[in-house]
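Data first, discussion second: the structure below is written as structure tokens.
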Amino acid sequence: MRDRDYQSSGEHEDPAPWWSDRTLVLPVASGVLWVTGLILDWTGQEVPALISHALGLAAGAWAFVPHALRRLFAGRGRARLGVGLLMTIAATGAVLLGHTGEAAALAFLFSIAETLEDRAMDRARQGLRALLSLIPETARVSRLSGEEVIPAAQIRELDILIVGAGERIATDGVVVSGRSSVDTSAITGESIPVEVVPGDVVLAGSVNGSGTLSIEAIADGRDNSLTKIVHLVEQAHAAKGERARLADRIARPLVPTVLVAAALIAAFGFLIGDPGTWVERALVVLVAASPCALAIAVPVTVISAIGSASKFGIVIKSGAAFEQLGTIRTVTVDKTGTLTRNHPQVVAIHTIDGYSHDEVLRMAAALEVNSSHPLAGAIITAVSENPTAADVQEHPGHGLTGVVGGRKVRVGSPRWINPQGLDAQAEAMAGEGMSIIVVEADTHIAGVIGIRDELRPEAAEAIAALHAQDINTVMLTGDNALTANAIAARAGVDQVHAEQLPADKAEHIRQLASQAPTAMIGDGINDAPALASATVGIAMGATGSAAAVESADVAFTGHDLRLIPAALIHARRGRAIMTGNIALALAIIVILFPLALFGVLGLAAVVLVHEIAEVIVIGNGLRAARGRTHAISTITTPVRRDATTG
């Protein structure tokens, strides 16, 4: 078929129903005129039959001849030989040989296949563009003069949106007041609504539940998470994977080769004194060996699969990434924010006699309120009110000192403050995956606080699903070995590499990728080198770290880990469909060539077989979109979660 750019345009309209699609008018008219000519010829009306066939030929040829000639005579070295040129030569030759009926049949079948292919490609893309319809046309914005309804495209960062029950959120934002549940299934693939409270981030296109929310916009109306998803996926339509390149490598030289072969066959006829028979066979060979089905074997599958995956929060940025995703045998994951919620909480406290849990927590919180350390937030939120501290000093890499209630207090890691009488408790807490904070008052140990970033509720299920696919799992983390091993054991991960710097993670990924196709899954800036080093880099949260998303080949808009095994199933199925399409397209050429060369099949029969094959290839490619529901639904059963799970 004719070459086309597979990147969708900025504006896209859904394909019209077939009965009102104007692009079908000429191919259908061509078919009607061809059949009418056959009937007239059968009844002995030769002249009307010839006229009908000629009109049918003209109607069908209009769908591909102008395009083929434009490509042939393109200036500045851009001229390209395409399948349409082969069909143009074949139809012209058939007319010159007096086979106007066969030429009309070729024009009808080729034009209808062209049109059906275009419709299939448009339908494959429409699922992606439909994501943008999730953004409402208008939004309510709070102004000094009161509420105002404005077009969603005019929303600017820091605007306060008022979102009522059942309304869609027009852009990404942070909840500033109100409590509700938000349905993000169309955006992130989350199976159940997520509870949101002030401080939680909500995404464009999500549906608000029963409460009214005031949301501060953190993105403009034209530049939010949904538009970013569409942009990333549209990039995939321009990039071709291994199988696409294979199809191109075969199809590109095949067109001139077929032209040369046809010329040699015609020349052979002149040499043996029977030019009429062999010129006719040369024209049939021209059609038989044309790579029509091969040209569309991969693109329609890739676009269908990538577009459908985006509906479930799986953003695949290129055809190459999609194909490589189907080869993965090892999956490596970051711990914080990927396997865990990235929301540390105080989960255990042990104290020395004379100190209560609340007292130890308050002393720690009084100092930690001045710290930017990630664990500080867990301690601060664990107390109802923070006492004040004086003379607070931060000791980088160690902890904090200050005066609380007249006592000199130190708060820090066990490497800086020896837990002394609480050594056994601290070691046991570390063995359970907790980070330890030691609190000292007036040079004596007061207590130890255990903080843990809890495992995501679906993590163990996702890892088990990967193991069921015979995929090895590895965890890479900068955390200490005790904590890392505890989290890995709870999740069921095969191997653990702890205390890894970003460069260490990247080196591990390169080693693993040299042994087997490896995917790396992370969400932070420190994961970017490892994501770029993997066979396929997967960023958790397409609206998260810009460095991680940019370095990754695939991005999940949500944080449901069960999408990982589902995505791998989806990609493997797509690769199998591509392989089947290529095999079918090559088989058609191999079988038809000798049959055409030795006169077993005529022009009309060869054209019919080719176009039937194209319809089969298109239909098979579109199966890549329909199959995603089963792949994902078999993995992602509902898991109870709260707003902190993302």
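Simple scheme: letters A, B, ... for chains in structure tokens order, numbers from 1 for residues in each chain, numbers from 1 for ligands in the order shown.
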
(request) Find the residues around A:Val32 up to 10 Å (only C-alpha atoms counted), leave out those fewer than 3 positions away in its own chain, and share them as a ChimeraX atom specification. (result) /A:26-29,35-38,52-53,56,108

(message) Please list as a ChimeraX atom specification every residue within 8 Å of stretch 342-355 of chain A, counting only C-alpha atoms and excluding residues in the same chain fewer than 3 positions away.
(response) /A:336-338,359-360,374-375,377-379,382,421-422,425,429,445-454,644

(request) Please provide the set of residues having any atom within 8 Å of stretch 586-588 of chain A, restricted to only C-alpha atoms, with same-chain residues fewer than 4 positions apart removed, written as a PyMOL selection string. (result) chain A and resi 294+582+592+610+613

(request) Considering only C-alpha atoms, state which residue in the set A:Leu144, A:Val403, A:Ala624, A:Ala390 is at the smallest distance from A:His570. (result) A:Ala624

(request) Determine, counting only C-alpha atoms, which protein, DNA and RNA residues have an atom within 9 Å of an atom of A:Asn208; residues of the same chain fewer than 3 positions away are not included. Present the result as a list in words. (result)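 Within the cut-off, the hits are Val163, Gly164, Ala165, Gly166, Glu167, Arg168, Ile169, Ser180, Ser181, Val182, Asp183, Thr184, Gly211, Thr212 and Leu213 of chain A.
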
(message) as a VMD selection string, please: every residue in stretch 532-603 of chain A that a backbone DSSP assignment puts in alpha helix (DSSP H).
(response) chain A and resid 532 to 533 546 to 551 563 to 597 603

Take the residues just selected and output them with N, CA and C atoms as a compact mmCIF listing (two decimals), in the first residue's frame.
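Result file follows (selection10.txt):
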# COMPACT_ATOMS: atom_id res chain seq x y z
N ALA A 532 17.50 4.94 31.39
CA ALA A 532 18.10 5.10 30.06
C ALA A 532 18.98 3.92 29.68
N SER A 533 19.52 3.19 30.67
CA SER A 533 20.43 2.07 30.40
C SER A 533 19.69 0.77 30.11
N ALA A 546 10.22 14.74 35.77
CA ALA A 546 10.40 14.99 34.33
C ALA A 546 11.61 14.24 33.81
N ALA A 547 12.68 14.14 34.63
CA ALA A 547 13.88 13.43 34.19
C ALA A 547 13.60 11.95 33.99
N ALA A 548 12.81 11.36 34.89
CA ALA A 548 12.48 9.94 34.77
C ALA A 548 11.63 9.68 33.54
N VAL A 549 10.61 10.52 33.33
CA VAL A 549 9.73 10.34 32.18
C VAL A 549 10.49 10.51 30.87
N GLU A 550 11.35 11.51 30.82
CA GLU A 550 12.11 11.76 29.59
C GLU A 550 13.06 10.62 29.28
N SER A 551 13.63 10.00 30.31
CA SER A 551 14.60 8.91 30.12
C SER A 551 13.93 7.59 29.80
N LEU A 563 -0.14 -3.12 36.47
CA LEU A 563 -0.09 -2.80 35.05
C LEU A 563 1.20 -3.29 34.40
N ILE A 564 2.24 -3.56 35.21
CA ILE A 564 3.50 -4.02 34.64
C ILE A 564 3.34 -5.39 33.97
N PRO A 565 2.89 -6.43 34.69
CA PRO A 565 2.70 -7.71 34.00
C PRO A 565 1.65 -7.63 32.89
N ALA A 566 0.63 -6.78 33.09
CA ALA A 566 -0.38 -6.64 32.04
C ALA A 566 0.22 -6.03 30.78
N ALA A 567 1.09 -5.05 30.95
CA ALA A 567 1.74 -4.41 29.79
C ALA A 567 2.63 -5.40 29.05
N LEU A 568 3.32 -6.26 29.79
CA LEU A 568 4.19 -7.25 29.14
C LEU A 568 3.38 -8.26 28.34
N ILE A 569 2.26 -8.69 28.90
CA ILE A 569 1.37 -9.60 28.16
C ILE A 569 0.88 -8.94 26.88
N HIS A 570 0.46 -7.69 27.00
CA HIS A 570 -0.05 -6.92 25.86
C HIS A 570 1.01 -6.80 24.77
N ALA A 571 2.24 -6.50 25.17
CA ALA A 571 3.32 -6.33 24.18
C ALA A 571 3.70 -7.64 23.52
N ARG A 572 3.75 -8.73 24.28
CA ARG A 572 4.08 -10.03 23.68
C ARG A 572 3.02 -10.45 22.68
N ARG A 573 1.77 -10.18 23.01
CA ARG A 573 0.69 -10.52 22.08
C ARG A 573 0.81 -9.69 20.80
N GLY A 574 1.15 -8.41 20.96
CA GLY A 574 1.33 -7.56 19.79
C GLY A 574 2.46 -8.03 18.89
N ARG A 575 3.58 -8.45 19.51
CA ARG A 575 4.71 -8.97 18.72
C ARG A 575 4.30 -10.21 17.94
N ALA A 576 3.52 -11.07 18.59
CA ALA A 576 3.07 -12.30 17.91
C ALA A 576 2.19 -11.96 16.71
N ILE A 577 1.33 -10.95 16.88
CA ILE A 577 0.46 -10.53 15.77
C ILE A 577 1.29 -9.96 14.63
N MET A 578 2.29 -9.13 14.96
CA MET A 578 3.16 -8.58 13.92
C MET A 578 3.87 -9.69 13.15
N THR A 579 4.42 -10.64 13.88
CA THR A 579 5.13 -11.75 13.24
C THR A 579 4.21 -12.53 12.31
N GLY A 580 2.99 -12.78 12.78
CA GLY A 580 2.03 -13.49 11.94
C GLY A 580 1.68 -12.71 10.69
N ASN A 581 1.52 -11.39 10.83
CA ASN A 581 1.22 -10.55 9.66
C ASN A 581 2.34 -10.58 8.63
N ILE A 582 3.58 -10.45 9.10
CA ILE A 582 4.72 -10.48 8.18
C ILE A 582 4.82 -11.83 7.48
N ALA A 583 4.63 -12.90 8.24
CA ALA A 583 4.70 -14.25 7.66
C ALA A 583 3.62 -14.43 6.59
N LEU A 584 2.40 -13.97 6.87
CA LEU A 584 1.31 -14.09 5.90
C LEU A 584 1.62 -13.29 4.64
N ALA A 585 2.11 -12.04 4.83
CA ALA A 585 2.40 -11.19 3.67
C ALA A 585 3.48 -11.80 2.78
N LEU A 586 4.53 -12.35 3.40
CA LEU A 586 5.60 -12.98 2.61
C LEU A 586 5.11 -14.26 1.94
N ALA A 587 4.27 -15.02 2.66
CA ALA A 587 3.75 -16.26 2.08
C ALA A 587 2.92 -16.00 0.83
N ILE A 588 2.12 -14.91 0.86
CA ILE A 588 1.30 -14.56 -0.30
C ILE A 588 2.19 -14.30 -1.51
N ILE A 589 3.27 -13.55 -1.30
CA ILE A 589 4.17 -13.24 -2.41
C ILE A 589 4.84 -14.50 -2.94
N VAL A 590 5.34 -15.34 -2.03
CA VAL A 590 6.06 -16.56 -2.42
C VAL A 590 5.14 -17.51 -3.20
N ILE A 591 3.88 -17.60 -2.78
CA ILE A 591 2.95 -18.53 -3.44
C ILE A 591 2.45 -17.98 -4.78
N LEU A 592 2.13 -16.67 -4.79
CA LEU A 592 1.54 -16.11 -6.00
C LEU A 592 2.54 -15.93 -7.14
N PHE A 593 3.81 -15.68 -6.80
CA PHE A 593 4.78 -15.40 -7.85
C PHE A 593 4.88 -16.52 -8.89
N PRO A 594 5.13 -17.77 -8.50
CA PRO A 594 5.23 -18.83 -9.52
C PRO A 594 3.89 -19.10 -10.23
N LEU A 595 2.78 -18.95 -9.47
CA LEU A 595 1.48 -19.17 -10.10
C LEU A 595 1.21 -18.12 -11.19
N ALA A 596 1.66 -16.89 -10.94
CA ALA A 596 1.51 -15.85 -11.95
C ALA A 596 2.48 -16.04 -13.09
N LEU A 597 3.72 -16.43 -12.77
CA LEU A 597 4.76 -16.59 -13.79
C LEU A 597 4.38 -17.66 -14.82
N LEU A 603 -4.76 -11.97 -13.92
CA LEU A 603 -4.63 -10.71 -13.20
C LEU A 603 -5.73 -10.53 -12.16

(request) Please indicate the distance in Å from atom CA of A:Thr401 to atom CA of A:Ala430, rounded to one decimal place. (result) 23.2 Å
